[in-house]
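Data file: structure-v3.tsv. Format and content: TSV, C-alpha atoms.
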chain	number	residue	atom	x	y	z
K	21	MET	CA	18.37	-66.11	-49.70
K	22	LYS	CA	20.43	-64.00	-47.36
K	23	ALA	CA	21.45	-60.36	-47.43
K	24	MET	CA	25.03	-59.30	-46.74
K	25	ILE	CA	26.43	-55.80	-46.33
K	26	THR	CA	29.63	-55.07	-48.29
K	27	LYS	CA	32.21	-52.36	-47.53
K	28	GLY	CA	30.31	-49.74	-49.49
K	29	GLY	CA	27.32	-50.20	-47.21
K	30	LEU	CA	25.30	-51.88	-49.93
K	31	TYR	CA	23.09	-54.88	-49.33
K	32	THR	CA	23.91	-57.81	-51.62
K	33	TRP	CA	21.66	-60.83	-51.83
K	34	LEU	CA	23.24	-64.29	-51.72
K	35	ASN	CA	21.56	-67.41	-53.01
K	36	VAL	CA	21.63	-70.71	-51.11
K	37	ARG	CA	24.77	-72.05	-52.83
K	38	GLU	CA	26.75	-68.85	-52.28
K	39	ASN	CA	25.67	-68.64	-48.66
K	40	LYS	CA	26.61	-72.29	-48.05
K	41	PHE	CA	30.02	-71.68	-49.70
K	42	ILE	CA	30.74	-68.72	-47.42
K	43	GLU	CA	29.59	-70.50	-44.26
K	44	GLU	CA	31.65	-73.62	-45.00
K	45	LYS	CA	34.86	-72.06	-46.29
K	46	PHE	CA	35.40	-68.90	-44.26
K	47	ASP	CA	36.30	-68.91	-40.59
K	48	GLU	CA	37.46	-66.14	-38.26
K	49	THR	CA	40.65	-65.50	-40.25
K	50	GLY	CA	38.59	-64.73	-43.33
K	51	SER	CA	41.22	-65.87	-45.83
K	52	LEU	CA	40.90	-68.73	-48.30
K	53	ASP	CA	43.48	-70.07	-50.78
K	54	LYS	CA	42.34	-70.84	-54.33
K	55	GLU	CA	44.42	-74.03	-54.55
K	56	GLY	CA	42.17	-75.83	-52.05
K	57	LEU	CA	38.97	-75.20	-54.01
K	58	THR	CA	37.19	-77.32	-56.58
K	59	GLU	CA	36.40	-75.86	-60.00
K	60	ARG	CA	32.80	-75.17	-58.96
K	61	GLU	CA	33.91	-73.42	-55.76
K	62	GLN	CA	36.39	-71.32	-57.76
K	63	PHE	CA	33.55	-70.24	-60.05
K	64	ILE	CA	31.36	-69.28	-57.08
K	65	ALA	CA	34.26	-67.35	-55.52
K	66	GLN	CA	34.93	-65.47	-58.77
K	67	THR	CA	31.22	-64.62	-59.08
K	68	LEU	CA	31.25	-63.24	-55.53
K	69	VAL	CA	34.35	-61.16	-56.36
K	70	GLY	CA	32.45	-59.61	-59.25
K	71	ARG	CA	29.55	-58.74	-56.97
K	72	GLY	CA	31.78	-57.21	-54.29
K	73	VAL	CA	31.25	-59.87	-51.61
K	74	LEU	CA	34.82	-61.22	-51.76
K	75	GLU	CA	38.17	-59.55	-52.36
K	76	ARG	CA	40.74	-61.36	-54.49
K	77	LYS	CA	44.39	-60.94	-53.59
K	78	ILE	CA	47.26	-62.17	-55.75
K	79	LYS	CA	50.66	-62.47	-54.13
K	80	ASN	CA	53.61	-64.41	-55.56
K	81	LYS	CA	51.36	-66.01	-58.20
K	82	LYS	CA	49.04	-67.39	-55.49
K	83	THR	CA	45.43	-66.29	-55.31
K	84	SER	CA	43.50	-65.94	-52.08
K	85	TYR	CA	40.03	-64.65	-51.23
K	86	LYS	CA	38.90	-62.54	-48.30
K	87	LEU	CA	35.43	-61.49	-47.18
K	88	ASN	CA	34.64	-57.90	-48.13
K	89	THR	CA	32.36	-57.02	-45.23
K	90	ASN	CA	31.40	-53.75	-43.64
K	91	LYS	CA	32.51	-54.01	-40.00
K	92	TYR	CA	30.51	-50.98	-38.92
K	93	ALA	CA	27.10	-52.28	-40.02
K	94	ARG	CA	24.77	-54.22	-37.79

Rendering of file as structure tokens:
Amino acid sequence: MKAMITKGGLYTWLNVRENKFIEEKFDETGSLDKEGLTEREQFIAQTLVGRGVLERKIKNKKTSYKLNTNKYAR
């Protein structure tokens, strides 16, 4: 388990699967397209959106995810 700080300054706990998903899929740009994900990865991403860890953006009928991190926390 790993703790992550979201924009509101709240600690959110991530399980092993969620942590592995974030480490594998997100790089320095922090943006991820939904089209390149498997069904299981899409479910994990949607779960993380509901918990405030990821932000979902829809533009021109294309969905992308972005990390919702607090840049001022340590």

Please identify every residue of range 60-80 of chain K that has at least one atom no farther than 9 Å from an atom of range 40-55 of chain K, counting only C-alpha atoms, and for each give the shortest atom pair and the distance in Å to one decimal, arranged by chain then increasing number, as CSV.
residue,atom,partner,partner_atom,distance
K:Glu61,CA,K:Phe41,CA,7.4
K:Gln62,CA,K:Lys54,CA,6.9
K:Ile64,CA,K:Phe41,CA,7.9
K:Ala65,CA,K:Phe41,CA,8.4

Point to revise | Computed interatomic separation between CA of Ala23 in chain K and CA of Gly72 in chain K (Å) | key: 12.8 Å

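Taking only C-alpha atoms into account, the polymer residues that have an atom no farther than 7 Å from (37.6, -60.4, -45.7) are Gly50, Ser51, Leu74, Glu75, Lys86, Leu87, Asn88 and Thr89 of chain K.
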
**Study point:** Computed interatomic separation between CA of Thr58 in chain K and CA of Thr83 in chain K (Å)
**Key:**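 CA of Thr83 in chain K lies at a distance of 13.8 Å from CA of Thr58 in chain K.
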
Review point. When distances are computed from all atoms listed in the file, which of K:Glu59, K:Arg76, K:Tyr85, K:Arg71 shows the smallest separation from Tyr31 in chain K?
Key: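 The answer is K:Arg71, which sits nearest to Tyr31 in chain K.
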
Point to revise | Interatomic distance (Å, one decimal) between CA of Met24 in chain K and CA of Phe63 in chain K | key: 19.2 Å

Taking every listed atom of range 67-74 of chain K and adding 3 Å to each side, what centre and edge lengths in Å (one decimal) does the axis-aligned box have, as lines of an AutoDock Vina configuration file?
center_x = 32.2
center_y = -60.9
center_z = -55.4
size_x = 11.3
size_y = 13.4
size_z = 13.6
